[in-house]
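File shown here: structure13.pdb, holding PDB, C-alpha atoms.
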ATOM      1  CA  MET A 210      12.266 -20.964 -14.968
ATOM      2  CA  ARG A 211      15.877 -19.922 -14.512
ATOM      3  CA  ASN A 212      15.240 -16.711 -16.383
ATOM      4  CA  TYR A 213      12.326 -16.035 -14.116
ATOM      5  CA  ILE A 214      14.442 -16.433 -10.996
ATOM      6  CA  VAL A 215      17.196 -14.223 -12.352
ATOM      7  CA  LEU A 216      14.671 -11.556 -13.300
ATOM      8  CA  CYS A 217      13.130 -11.789  -9.846
ATOM      9  CA  GLN A 218      16.551 -11.156  -8.369
ATOM     10  CA  LYS A 219      16.990  -8.166 -10.645
ATOM     11  CA  GLU A 220      13.643  -6.840  -9.543
ATOM     12  CA  TRP A 221      14.525  -7.435  -5.905
ATOM     13  CA  ARG A 222      17.782  -5.563  -6.346
ATOM     14  CA  GLU A 223      15.919  -2.628  -7.829
ATOM     15  CA  HIS A 224      13.667  -2.559  -4.782
ATOM     16  CA  VAL A 225      16.725  -2.591  -2.529
ATOM     17  CA  ARG A 226      18.547   0.106  -4.480
ATOM     18  CA  ASN A 227      15.728   2.613  -4.374
ATOM     19  CA  TYR A 228      15.094   1.860  -0.687
ATOM     20  CA  ARG A 229      11.576   0.672  -1.432
ATOM     21  CA  ILE A 230      12.333  -2.395   0.602
ATOM     22  CA  ILE A 231      12.651  -0.199   3.689
ATOM     23  CA  TRP A 232      10.295   2.687   3.194
ATOM     24  CA  LEU A 233       7.257   0.772   2.038
ATOM     25  CA  PRO A 234       6.972  -1.336   5.221
ATOM     26  CA  LEU A 235       7.745   1.736   7.327
ATOM     27  CA  VAL A 236       5.051   3.827   5.700
ATOM     28  CA  PHE A 237       2.551   1.061   6.258
ATOM     29  CA  LEU A 238       3.670   0.674   9.855
ATOM     30  CA  LEU A 239       2.923   4.368  10.295
ATOM     31  CA  LEU A 240      -0.473   3.954   8.659
ATOM     32  CA  GLY A 241      -1.268   1.168  11.076
ATOM     33  CA  MET A 242      -0.019   3.003  14.157
ATOM     34  CA  MET A 243      -1.776   6.278  13.481
ATOM     35  CA  ASP A 244      -5.367   5.345  14.119
ATOM     36  CA  PRO A 245      -5.172   3.462  17.422
ATOM     37  CA  LEU A 246      -2.917   6.166  18.873
ATOM     38  CA  THR A 247      -5.103   9.002  17.657
ATOM     39  CA  TYR A 248      -8.192   7.391  19.130
ATOM     40  CA  TYR A 249      -6.474   6.633  22.401
ATOM     41  CA  PHE A 250      -5.110  10.121  22.894
ATOM     42  CA  MET A 251      -8.120  11.902  21.420
ATOM     43  CA  ASP A 252      -8.954  13.417  24.816
ATOM     44  CA  ASP A 253      -5.492  14.890  25.263
ATOM     45  CA  ILE A 254      -5.273  16.036  21.666
ATOM     46  CA  LEU A 255      -8.549  17.890  21.950
ATOM     47  CA  LYS A 256      -7.446  19.432  25.229
ATOM     48  CA  SER A 257      -4.163  20.707  23.894
ATOM     49  CA  VAL A 258      -5.101  21.889  20.421
ATOM     50  CA  GLY A 259      -8.876  21.942  20.357
ATOM     51  CA  ASN A 260      -9.264  25.335  22.040
ATOM     52  CA  LEU A 261     -12.571  24.204  23.439
ATOM     53  CA  PRO A 262     -14.605  26.446  25.745
ATOM     54  CA  ASP A 263     -14.523  25.593  29.442
ATOM     55  CA  GLY A 264     -16.991  23.050  30.652
ATOM     56  CA  MET A 265     -17.695  21.599  27.272
ATOM     57  CA  GLN A 266     -18.504  17.932  27.367
ATOM     58  CA  ILE A 267     -17.720  15.585  24.581
ATOM     59  CA  THR A 268     -18.773  12.005  24.762
ATOM     60  CA  MET A 269     -16.439   9.772  22.869
ATOM     61  CA  PRO A 270     -17.960   6.763  21.231
ATOM     62  CA  ASP A 271     -17.017   3.598  23.039
ATOM     63  CA  VAL A 272     -14.339   2.013  20.937
ATOM     64  CA  GLY A 273     -12.809  -1.400  21.262
ATOM     65  CA  ALA A 274      -9.827  -3.192  19.847
ATOM     66  CA  SER A 275     -11.630  -4.373  16.737
ATOM     67  CA  ASP A 276     -12.659  -0.807  15.869
ATOM     68  CA  MET A 277      -8.984   0.034  15.525
ATOM     69  CA  ILE A 278      -8.526  -2.626  12.869
ATOM     70  CA  VAL A 279     -11.641  -1.355  11.136
ATOM     71  CA  SER A 280     -10.368   2.196  10.974
ATOM     72  CA  THR A 281      -6.951   1.037   9.832
ATOM     73  CA  ALA A 282      -8.715  -0.827   7.051
ATOM     74  CA  GLY A 283     -10.192   2.528   6.079
ATOM     75  CA  GLN A 284      -6.715   4.064   5.957
ATOM     76  CA  LEU A 285      -5.425   1.212   3.828
ATOM     77  CA  GLN A 286      -8.401   1.516   1.577
ATOM     78  CA  SER A 287      -7.654   5.161   0.825
ATOM     79  CA  ILE A 288      -4.013   6.063   1.407
ATOM     80  CA  GLY A 289      -2.582   2.564   1.137
ATOM     81  CA  MET A 290      -4.253   1.852  -2.157
ATOM     82  CA  VAL A 291      -3.151   5.168  -3.664
ATOM     83  CA  ILE A 292       0.449   4.511  -2.607
ATOM     84  CA  PHE A 293       0.449   1.056  -4.166
ATOM     85  CA  ILE A 294      -1.087   2.262  -7.396
ATOM     86  CA  ALA A 295       1.285   5.228  -7.568
ATOM     87  CA  ILE A 296       4.450   3.188  -7.154
ATOM     88  CA  TYR A 297       3.461   0.296  -9.377
ATOM     89  CA  CYS A 298       1.696   2.107 -12.227
ATOM     90  CA  SER A 299       5.045   2.638 -13.935
ATOM     91  CA  ALA A 300       6.330  -0.880 -13.315
ATOM     92  CA  ILE A 301       6.141  -2.008 -16.918
ATOM     93  CA  SER A 302       5.381   1.129 -18.893
ATOM     94  CA  GLY A 303       8.266   2.973 -17.243
ATOM     95  CA  GLU A 304      10.787   0.423 -18.398
ATOM     96  CA  ARG A 305       9.292   0.512 -21.853
ATOM     97  CA  LYS A 306       9.564   4.274 -21.971
ATOM     98  CA  ASN A 307      13.158   4.606 -20.853
ATOM     99  CA  GLY A 308      14.315   1.756 -23.030
ATOM    100  CA  THR A 309      15.428  -0.824 -20.475
ATOM    101  CA  ALA A 310      12.651  -3.087 -21.671
ATOM    102  CA  THR A 311      14.266  -3.322 -25.093
ATOM    103  CA  LEU A 312      17.393  -4.749 -23.497
ATOM    104  CA  LEU A 313      15.258  -7.565 -22.168
ATOM    105  CA  TYR A 314      13.247  -8.002 -25.364
ATOM    106  CA  VAL A 315      16.308  -8.862 -27.429
ATOM    107  CA  ARG A 316      17.237 -11.696 -25.109
ATOM    108  CA  PRO A 317      15.712 -15.145 -25.230
ATOM    109  CA  VAL A 318      13.526 -14.426 -22.224
ATOM    110  CA  SER A 319       9.831 -15.196 -22.368
ATOM    111  CA  SER A 320       7.344 -12.374 -21.914
ATOM    112  CA  ARG A 321       5.779 -14.444 -19.185
ATOM    113  CA  ALA A 322       9.010 -14.401 -17.186
ATOM    114  CA  ILE A 323       9.382 -10.635 -17.646
ATOM    115  CA  PHE A 324       5.873  -9.870 -16.456
ATOM    116  CA  LEU A 325       5.623 -12.474 -13.733
ATOM    117  CA  SER A 326       8.980 -11.655 -12.158
ATOM    118  CA  LYS A 327       7.938  -8.046 -11.712
ATOM    119  CA  TRP A 328       4.552  -9.045 -10.438
ATOM    120  CA  THR A 329       5.938 -11.580  -7.955
ATOM    121  CA  VAL A 330       8.160  -9.085  -6.200
ATOM    122  CA  ALA A 331       5.418  -6.451  -6.215
ATOM    123  CA  ALA A 332       2.926  -8.944  -4.793
ATOM    124  CA  MET A 333       5.373  -9.820  -2.065
ATOM    125  CA  MET A 334       5.836  -6.168  -1.183
ATOM    126  CA  THR A 335       2.080  -5.727  -1.127
ATOM    127  CA  CYS A 336       1.620  -8.567   1.326
ATOM    128  CA  VAL A 337       4.452  -7.225   3.486
ATOM    129  CA  GLY A 338       2.963  -3.728   3.431
ATOM    130  CA  VAL A 339      -0.501  -4.841   4.425
ATOM    131  CA  PHE A 340       1.035  -7.119   7.042
ATOM    132  CA  CYS A 341       2.945  -4.223   8.596
ATOM    133  CA  SER A 342      -0.204  -2.134   8.817
ATOM    134  CA  VAL A 343      -2.310  -4.865  10.318
ATOM    135  CA  LEU A 344       0.470  -5.840  12.696
ATOM    136  CA  ALA A 345       1.047  -2.303  13.985
ATOM    137  CA  SER A 346      -2.651  -1.646  14.280
ATOM    138  CA  SER A 347      -3.476  -4.885  16.065
ATOM    139  CA  TYR A 348      -0.466  -4.534  18.354
ATOM    140  CA  TYR A 349      -1.592  -1.126  19.521
ATOM    141  CA  ALA A 350      -5.201  -2.254  19.684
ATOM    142  CA  GLU A 351      -4.192  -5.111  21.936
ATOM    143  CA  VAL A 352      -1.933  -2.966  24.117
ATOM    144  CA  LEU A 353      -4.309  -0.026  24.449
ATOM    145  CA  TYR A 354      -7.687  -1.724  24.443
ATOM    146  CA  GLY A 355      -7.088  -5.430  24.715
ATOM    147  CA  GLY A 356      -9.260  -8.385  23.890
ATOM    148  CA  LEU A 357      -8.506  -8.788  20.229
ATOM    149  CA  ASN A 358      -9.495 -11.956  18.464
ATOM    150  CA  TRP A 359      -6.277 -12.826  16.668
ATOM    151  CA  GLN A 360      -7.847 -15.503  14.547
ATOM    152  CA  ASP A 361     -10.191 -12.946  13.039
ATOM    153  CA  VAL A 362      -7.313 -10.567  12.487
ATOM    154  CA  ILE A 363      -5.415 -13.224  10.543
ATOM    155  CA  VAL A 364      -8.456 -13.933   8.380
ATOM    156  CA  PHE A 365      -8.831 -10.199   7.864
ATOM    157  CA  TYR A 366      -5.201  -9.943   6.817
ATOM    158  CA  ILE A 367      -5.513 -12.751   4.293
ATOM    159  CA  LEU A 368      -8.710 -11.379   2.761
ATOM    160  CA  TYR A 369      -7.345  -7.868   2.632
ATOM    161  CA  SER A 370      -4.140  -9.071   0.970
ATOM    162  CA  VAL A 371      -6.188 -10.784  -1.695
ATOM    163  CA  TRP A 372      -8.005  -7.525  -2.328
ATOM    164  CA  MET A 373      -4.740  -5.570  -2.538
ATOM    165  CA  LEU A 374      -3.405  -8.172  -4.946
ATOM    166  CA  VAL A 375      -6.411  -7.523  -7.174
ATOM    167  CA  VAL A 376      -5.515  -3.828  -7.159
ATOM    168  CA  ILE A 377      -1.822  -4.434  -7.835
ATOM    169  CA  THR A 378      -2.367  -7.002 -10.547
ATOM    170  CA  PHE A 379      -4.848  -4.829 -12.369
ATOM    171  CA  THR A 380      -2.448  -1.887 -12.142
ATOM    172  CA  PHE A 381       0.283  -4.089 -13.593
ATOM    173  CA  ALA A 382      -1.916  -5.201 -16.465
ATOM    174  CA  MET A 383      -2.815  -1.599 -17.224
ATOM    175  CA  SER A 384       0.833  -0.656 -17.010
ATOM    176  CA  ALA A 385       1.631  -3.276 -19.626
ATOM    177  CA  LEU A 386      -1.290  -2.161 -21.771
ATOM    178  CA  THR A 387      -0.789   1.599 -21.839
ATOM    179  CA  THR A 388       1.426   4.387 -20.588
ATOM    180  CA  THR A 389       2.120   5.202 -16.953
ATOM    181  CA  ALA A 390      -0.248   8.145 -16.735
ATOM    182  CA  ILE A 391      -3.176   6.306 -18.259
ATOM    183  CA  ALA A 392      -2.533   3.211 -16.151
ATOM    184  CA  ALA A 393      -2.488   5.283 -12.976
ATOM    185  CA  THR A 394      -5.649   7.145 -13.932
ATOM    186  CA  ILE A 395      -7.611   4.050 -14.869
ATOM    187  CA  SER A 396      -6.579   2.153 -11.742
ATOM    188  CA  LEU A 397      -7.245   5.068  -9.437
ATOM    189  CA  ILE A 398     -10.646   5.769 -10.936
ATOM    190  CA  LEU A 399     -11.621   2.128 -10.959
ATOM    191  CA  PHE A 400     -10.544   1.300  -7.415
ATOM    192  CA  VAL A 401     -10.930   4.500  -5.443
ATOM    193  CA  ILE A 402     -14.094   5.750  -7.089
ATOM    194  CA  GLY A 403     -15.296   2.192  -7.614
ATOM    195  CA  SER A 404     -15.092   1.369  -3.914
ATOM    196  CA  MET A 405     -16.965   4.541  -3.055
ATOM    197  CA  ALA A 406     -19.643   3.879  -5.628
ATOM    198  CA  ASP A 407     -19.970   0.331  -4.435
ATOM    199  CA  ALA A 408     -20.383   1.476  -0.846
ATOM    200  CA  LEU A 409     -23.044   3.959  -1.918
ATOM    201  CA  ILE A 410     -25.176   2.046  -4.373
ATOM    202  CA  GLY A 411     -23.998  -1.540  -4.206
ATOM    203  CA  THR A 412     -26.050  -2.681  -1.237
ATOM    204  CA  TYR A 413     -27.947  -5.333  -3.125
ATOM    205  CA  TRP A 414     -25.032  -6.436  -5.187
ATOM    206  CA  THR A 415     -23.429  -8.998  -2.919
ATOM    207  CA  TYR A 416     -20.936 -10.518  -5.319
ATOM    208  CA  SER A 417     -18.875  -7.503  -6.282
ATOM    209  CA  PRO A 418     -15.099  -7.730  -5.747
ATOM    210  CA  PHE A 419     -15.200  -4.274  -4.178
ATOM    211  CA  LYS A 420     -17.096  -5.875  -1.322
ATOM    212  CA  LEU A 421     -14.154  -8.009  -0.199
ATOM    213  CA  PRO A 422     -12.622  -5.353   2.101
ATOM    214  CA  SER A 423     -15.948  -4.680   3.767
ATOM    215  CA  TYR A 424     -16.557  -8.408   4.260
ATOM    216  CA  ALA A 425     -13.086  -8.639   5.820
ATOM    217  CA  VAL A 426     -14.020  -5.778   8.134
ATOM    218  CA  ASP A 427     -17.260  -7.562   9.014
ATOM    219  CA  ILE A 428     -15.285 -10.584  10.131
ATOM    220  CA  VAL A 429     -13.055  -8.511  12.392
ATOM    221  CA  ARG A 430     -16.103  -6.806  13.861
ATOM    222  CA  GLY A 431     -17.395 -10.199  14.869
ATOM    223  CA  ALA A 432     -20.440 -10.057  12.656
ATOM    224  CA  GLU A 433     -21.479 -13.322  11.059
ATOM    225  CA  VAL A 434     -19.543 -14.330   7.985
ATOM    226  CA  PRO A 435     -21.494 -13.207   4.940
ATOM    227  CA  ASP A 436     -22.642 -16.005   2.650
ATOM    228  CA  ALA A 437     -21.311 -14.202  -0.359
ATOM    229  CA  LEU A 438     -17.764 -14.178   1.022
ATOM    230  CA  TRP A 439     -16.510 -17.280  -0.749
ATOM    231  CA  MET A 440     -18.032 -16.298  -4.056
ATOM    232  CA  THR A 441     -16.500 -12.825  -3.728
ATOM    233  CA  CYS A 442     -13.146 -14.385  -2.905
ATOM    234  CA  MET A 443     -13.377 -16.580  -5.984
ATOM    235  CA  ILE A 444     -14.278 -13.585  -8.146
ATOM    236  CA  CYS A 445     -11.267 -11.726  -6.790
ATOM    237  CA  ILE A 446      -8.912 -14.601  -7.484
ATOM    238  CA  ALA A 447     -10.386 -14.964 -10.953
ATOM    239  CA  LEU A 448      -9.779 -11.236 -11.489
ATOM    240  CA  ILE A 449      -6.158 -11.633 -10.416
ATOM    241  CA  LEU A 450      -5.663 -14.485 -12.875
ATOM    242  CA  LEU A 451      -7.430 -12.576 -15.635
ATOM    243  CA  SER A 452      -5.271  -9.511 -15.070
ATOM    244  CA  LEU A 453      -2.160 -11.683 -15.100
ATOM    245  CA  VAL A 454      -3.139 -13.191 -18.436
ATOM    246  CA  LEU A 455      -3.946  -9.749 -19.852
ATOM    247  CA  GLY A 456      -0.645  -8.388 -18.574
ATOM    248  CA  ILE A 457       1.387 -11.214 -20.090
ATOM    249  CA  TYR A 458      -0.448 -10.872 -23.377
ATOM    250  CA  CYS A 459       0.200  -7.119 -23.467
ATOM    251  CA  THR A 460       3.877  -7.598 -22.613
ATOM    252  CA  HIS A 461       4.080 -10.021 -25.495
ATOM    253  CA  LYS A 462       2.376  -7.528 -27.826
ATOM    254  CA  ASN A 463       4.725  -4.736 -26.725
ATOM    255  CA  ARG A 464       7.626  -6.931 -27.499
ATOM    256  CA  GLN A 465       6.479  -7.581 -31.031
ATOM    257  CA  GLN A 466       5.768  -3.926 -31.693
ATOM    258  CA  THR A 467       8.996  -2.545 -30.339
ATOM    259  CA  THR A 468      11.517  -1.144 -32.769
ATOM    260  CA  VAL A 469      15.150  -1.456 -31.852
TER     261      VAL A 469
ATOM    262  CA  MET B  69       0.086  18.549  30.332
ATOM    263  CA  GLU B  70       2.424  16.074  31.879
ATOM    264  CA  ILE B  71       3.750  13.286  29.825
ATOM    265  CA  SER B  72       4.360  10.096  31.704
ATOM    266  CA  THR B  73       7.033   7.615  30.767
ATOM    267  CA  GLU B  74       4.366   5.159  29.828
ATOM    268  CA  THR B  75       2.893   7.527  27.277
ATOM    269  CA  LEU B  76       6.321   8.241  25.902
ATOM    270  CA  LEU B  77       6.994   4.556  25.471
ATOM    271  CA  LEU B  78       3.691   4.215  23.648
ATOM    272  CA  ILE B  79       4.391   6.895  21.094
ATOM    273  CA  ALA B  80       8.133   6.342  20.778
ATOM    274  CA  PRO B  81       7.817   3.855  17.878
ATOM    275  CA  LEU B  82       5.878   6.467  15.943
ATOM    276  CA  PHE B  83       8.718   8.965  16.200
ATOM    277  CA  ILE B  84      11.382   6.374  15.522
ATOM    278  CA  VAL B  85       9.665   5.214  12.353
ATOM    279  CA  GLN B  86       9.202   8.797  11.238
ATOM    280  CA  ILE B  87      12.846   9.658  11.787
ATOM    281  CA  ILE B  88      14.032   6.551   9.961
ATOM    282  CA  LEU B  89      11.763   7.433   7.044
ATOM    283  CA  MET B  90      13.127  10.967   6.982
ATOM    284  CA  VAL B  91      16.738   9.799   7.028
ATOM    285  CA  ILE B  92      16.125   7.281   4.251
ATOM    286  CA  ALA B  93      14.374   9.899   2.152
ATOM    287  CA  LEU B  94      17.271  12.314   2.592
ATOM    288  CA  LEU B  95      19.844   9.627   1.782
ATOM    289  CA  ASP B  96      17.919   8.714  -1.325
ATOM    290  CA  LEU B  97      17.586  12.351  -2.308
ATOM    291  CA  ARG B  98      21.343  12.739  -2.104
ATOM    292  CA  LYS B  99      21.924   9.745  -4.321
ATOM    293  CA  VAL B 100      19.227  10.172  -6.936
ATOM    294  CA  ALA B 101      20.143  11.996 -10.136
ATOM    295  CA  ALA B 102      17.012  13.994 -10.795
ATOM    296  CA  THR B 103      13.773  14.721  -9.016
ATOM    297  CA  ARG B 104      10.526  16.280 -10.071
ATOM    298  CA  GLY B 105      11.119  19.878  -9.086
ATOM    299  CA  PRO B 106      14.234  21.291  -7.450
ATOM    300  CA  LYS B 107      16.090  19.234  -4.869
ATOM    301  CA  TRP B 108      16.133  21.897  -2.156
ATOM    302  CA  MET B 109      12.355  21.997  -2.293
ATOM    303  CA  TRP B 110      12.240  18.273  -1.549
ATOM    304  CA  VAL B 111      14.680  18.690   1.329
ATOM    305  CA  LEU B 112      12.300  21.208   2.872
ATOM    306  CA  ILE B 113       9.286  18.985   2.251
ATOM    307  CA  ILE B 114      10.970  15.921   3.737
ATOM    308  CA  VAL B 115      12.249  17.694   6.813
ATOM    309  CA  PHE B 116       9.362  19.971   7.633
ATOM    310  CA  ILE B 117       6.217  18.136   6.643
ATOM    311  CA  ASN B 118       5.654  15.553   9.284
ATOM    312  CA  MET B 119       4.946  12.040   8.211
ATOM    313  CA  VAL B 120       3.584  12.902   4.789
ATOM    314  CA  GLY B 121       6.758  14.567   3.524
ATOM    315  CA  PRO B 122       8.927  11.479   3.026
ATOM    316  CA  ILE B 123       5.957   9.554   1.628
ATOM    317  CA  LEU B 124       5.281  12.316  -0.879
ATOM    318  CA  TYR B 125       8.917  12.315  -1.891
ATOM    319  CA  PHE B 126       9.035   8.574  -2.436
ATOM    320  CA  VAL B 127       5.742   8.362  -4.272
ATOM    321  CA  ILE B 128       5.856  11.401  -6.542
ATOM    322  CA  GLY B 129       9.225  13.042  -6.011
ATOM    323  CA  ARG B 130      11.583  10.512  -7.471
ATOM    324  CA  LYS B 131      11.774  10.242 -11.173
ATOM    325  CA  ALA B 132      11.718   6.669 -12.353
ATOM    326  CA  VAL B 133      15.273   6.039 -13.460
TER     327      VAL B 133
END

For this file, write the structure as structure tokens.
Amino acid sequence: MRNYIVLCQKEWREHVRNYRIIWLPLVFLLLGMMDPLTYYFMDDILKSVGNLPDGMQITMPDVGASDMIVSTAGQLQSIGMVIFIAIYCSAISGERKNGTATLLYVRPVSSRAIFLSKWTVAAMMTCVGVFCSVLASSYYAEVLYGGLNWQDVIVFYILYSVWMLVVITFTFAMSALTTTAIAATISLILFVIGSMADALIGTYWTYSPFKLPSYAVDIVRGAEVPDALWMTCMICIALILLSLVLGIYCTHKNRQQTTV
Amino acid sequence: MEISTETLLLIAPLFIVQIILMVIALLDLRKVAATRGPKWMWVLIIVFINMVGPILYFVIGRKAV
């Protein structure tokens, strides 16, 4: 337990030293701010850069506060996910490659502590990142459009964090299993392409973990809570646990195979 | 197009966050030992590509130490 805490502190310090502690929340704030502002100023933007012919009429779809959260969810689902996968795909494999992992392996530190300490800090950053996005987006939605149901937004945030944790944890497990490049490729293909495929052909498949973000969006939209939500949530949590176990096992394997 | 104070106040956070990101990216670039590709290229990317520049630098530009 003590080892775990010390390793967490080490991990935290690394995040501070490479400024990740500042830039990650800021980037996600930007992601959250972009959409409500773009929608709100769409008229002006089109006027100033659109070069539209005189007298042209464009009818904007009527958007409300909850639509802003929905479109921010779309941003998170594409850009946010890629950022998370890109920065955490090298979490374990990178240390193995440059040799710092060996320094840890020769100490009486359990593989569980090594893996979990990294994961804990990453999971925290993930929650903070998603929180920043949702906060910025809902703040602007409330200011510009008004009438946001905060309770729904909180539920959305929790569900979306769970989904991001699935992504992060799987990326971590892959990072422990293989090299950085392969981990990044597998995670990107699985989550980015997987979500698309699920949106296209997964209509009748209600229990897929890829459905969690869209269920979260449904809740914010004010649609009725899908029956499959709890089951999907459980599947996601099970996936997180499974990935954790896989990651710890792979860290342990790496440790045995390493040559000093 | 006239820009009212209200509008300015609305979009001010956007600019502030962007500038902070840019400054942090430049500070980090000065400190870091090696980047993927030449450093001056990253300076240009960070300064001139709005919004995406610093993100690109942080995500793919820095070499994992």

Check your understanding: What do you get, as a ChimeraX atom specification, if you spell out every residue that the PyMOL selection byres ((chain A) within 10 of (chain B)) selects here?
Key -> /A:226-229,231-233,235-236,238-240,242-243,246,250,253,256-257,291-297,299-300,303-304,307,309,345,349,352-353

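Matched in the shown structure by the PyMOL selection byres ((chain A and resi 336-343) around 7): Leu233, Pro234, Phe237, Leu238, Leu240, Gly241, Ala332, Met333, Met334, Thr335, Leu344, Ala345, Ser346, Ser347, Tyr366 and Ser370 of chain A.
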
Exercise for review: Starting from the shown file, work through the PyMOL selection byres ((chain B and resi 105-113) around 9) and note down what comes out as a ChimeraX atom specification.
Suggested key: /B:93-94,97-98,102-104,114-118,120-122,124-125,129

Check your understanding: Do you have the atom CA of Thr441 of chain A-atom CA of Pro418 of chain A distance handy?
Key -> 5.7 Å

Please enclose the listed atoms of segment 392-407 of chain A in an axis-aligned box, pad each side by 6 Å, and write out the centre and the three edge lengths in Å, rounded to one decimal, as JSON.
{"center_x": -11.2, "center_y": 3.7, "center_z": -9.6, "size_x": 29.5, "size_y": 18.8, "size_z": 25.1}

Review point. Just how far from atom CA of Leu76 of chain B is atom CA of Tyr248 of chain A, in Å to one decimal?
Key: 16.0 Å

Revision key, fill the gap. Computed gap from atom CA of Gln218 of chain A to atom CA of Ser319 of chain A is 16.0 Å

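Within the 9 Å cut-off around Val376 of chain A, using all atoms listed in the file and omitting residues fewer than 2 positions from it on the same chain, the listed residues are Met290, Phe293, Ile294, Val371, Trp372, Met373, Leu374, Thr378, Phe379, Thr380, Phe381, Ser396, Phe400 and Ile449 of chain A.
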
Revision key, fill the gap. The residue from A:Thr329, A:Ser423, A:Ser320, A:Ser280 with the smallest atom-to-atom distance to Ala385 of chain A, counting all atoms listed in the file, is A:Ser320

Find the residues near Gly308 of chain A: any atom within 12 Å, counting only C-alpha atoms, skip ones fewer than 5 places away on the same chain, and give them as a PDB file with C-alpha atoms, in the coordinates of the input.
ATOM      1  CA  ILE A 301       6.141  -2.008 -16.918  1.00  0.00           C
ATOM      2  CA  SER A 302       5.381   1.129 -18.893  1.00  0.00           C
ATOM      3  CA  GLY A 303       8.266   2.973 -17.243  1.00  0.00           C
ATOM      4  CA  LEU A 313      15.258  -7.565 -22.168  1.00  0.00           C
ATOM      5  CA  TYR A 314      13.247  -8.002 -25.364  1.00  0.00           C
ATOM      6  CA  VAL A 315      16.308  -8.862 -27.429  1.00  0.00           C
ATOM      7  CA  ARG A 464       7.626  -6.931 -27.499  1.00  0.00           C
ATOM      8  CA  THR A 467       8.996  -2.545 -30.339  1.00  0.00           C
ATOM      9  CA  THR A 468      11.517  -1.144 -32.769  1.00  0.00           C
ATOM     10  CA  VAL A 469      15.150  -1.456 -31.852  1.00  0.00           C
TER      11      VAL A 469
ATOM     12  CA  VAL B 133      15.273   6.039 -13.460  1.00  0.00           C
TER      13      VAL B 133
END

**Study point:** For Lys219 of chain A: contacts at 12 Å, all atoms listed in the file, fewer than 4 positions along chain excluded, given as a list of chain:residue names
**Key:** A:Asn212, A:Tyr213, A:Ile214, A:Val215, A:Glu223, A:His224, A:Val225, A:Arg226, A:Leu313, A:Ile323, A:Ser326, A:Lys327, A:Thr329, A:Val330

Please dump the current selection as a CSV table (one decimal), in the frame of the given file; keep C-alpha atoms.
chain,number,residue,atom,x,y,z
A,212,ASN,CA,15.2,-16.7,-16.4
A,213,TYR,CA,12.3,-16.0,-14.1
A,214,ILE,CA,14.4,-16.4,-11.0
A,215,VAL,CA,17.2,-14.2,-12.4
A,223,GLU,CA,15.9,-2.6,-7.8
A,224,HIS,CA,13.7,-2.6,-4.8
A,225,VAL,CA,16.7,-2.6,-2.5
A,226,ARG,CA,18.5,0.1,-4.5
A,313,LEU,CA,15.3,-7.6,-22.2
A,323,ILE,CA,9.4,-10.6,-17.6
A,326,SER,CA,9.0,-11.7,-12.2
A,327,LYS,CA,7.9,-8.0,-11.7
A,329,THR,CA,5.9,-11.6,-8.0
A,330,VAL,CA,8.2,-9.1,-6.2

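Around the point (-16.6, -11.7, 11.3), within 12 Å and counting all atoms listed in the file, we find these residues: Ser275, Val279, Asn358, Trp359, Gln360, Asp361, Val362, Ile363, Val364, Phe365, Leu368, Pro422, Ser423, Tyr424, Ala425, Val426, Asp427, Ile428, Val429, Arg430, Gly431, Ala432, Glu433, Val434, Pro435, Asp436 and Leu438 of chain A.
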
Practice item. Name the closest residue to Thr388 of chain A among the candidates A:Met251, A:Cys442, A:Leu421, A:Cys459; distances are taken between atoms, counting only C-alpha atoms. Key: A:Cys459

Filled-in N, CA, C and O atoms of segment 340-346 of chain A, supplied as an mmCIF file, keeping the file's coordinate frame:
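As a result, rebuild31.cif now contains:
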data_model
loop_
_atom_site.group_PDB
_atom_site.id
_atom_site.type_symbol
_atom_site.label_atom_id
_atom_site.label_comp_id
_atom_site.auth_asym_id
_atom_site.auth_seq_id
_atom_site.Cartn_x
_atom_site.Cartn_y
_atom_site.Cartn_z
ATOM 1 N N PHE A 340 0.707 -6.441 5.790
ATOM 2 C CA PHE A 340 1.035 -7.119 7.042
ATOM 3 C C PHE A 340 1.528 -6.123 8.081
ATOM 4 O O PHE A 340 1.096 -6.163 9.247
ATOM 5 N N CYS A 341 2.412 -5.208 7.654
ATOM 6 C CA CYS A 341 2.945 -4.223 8.596
ATOM 7 C C CYS A 341 1.819 -3.388 9.187
ATOM 8 O O CYS A 341 1.785 -3.141 10.400
ATOM 9 N N SER A 342 0.910 -2.942 8.328
ATOM 10 C CA SER A 342 -0.204 -2.134 8.817
ATOM 11 C C SER A 342 -1.045 -2.889 9.827
ATOM 12 O O SER A 342 -1.340 -2.385 10.911
ATOM 13 N N VAL A 343 -1.433 -4.087 9.443
ATOM 14 C CA VAL A 343 -2.310 -4.865 10.318
ATOM 15 C C VAL A 343 -1.597 -5.199 11.619
ATOM 16 O O VAL A 343 -2.181 -5.124 12.704
ATOM 17 N N LEU A 344 -0.293 -5.508 11.504
ATOM 18 C CA LEU A 344 0.470 -5.840 12.696
ATOM 19 C C LEU A 344 0.530 -4.655 13.653
ATOM 20 O O LEU A 344 0.208 -4.777 14.841
ATOM 21 N N ALA A 345 0.922 -3.479 13.129
ATOM 22 C CA ALA A 345 1.047 -2.303 13.985
ATOM 23 C C ALA A 345 -0.295 -1.976 14.620
ATOM 24 O O ALA A 345 -0.395 -1.725 15.827
ATOM 25 N N SER A 346 -1.323 -2.005 13.785
ATOM 26 C CA SER A 346 -2.651 -1.646 14.280
ATOM 27 C C SER A 346 -3.127 -2.623 15.345
ATOM 28 O O SER A 346 -3.622 -2.221 16.407
#
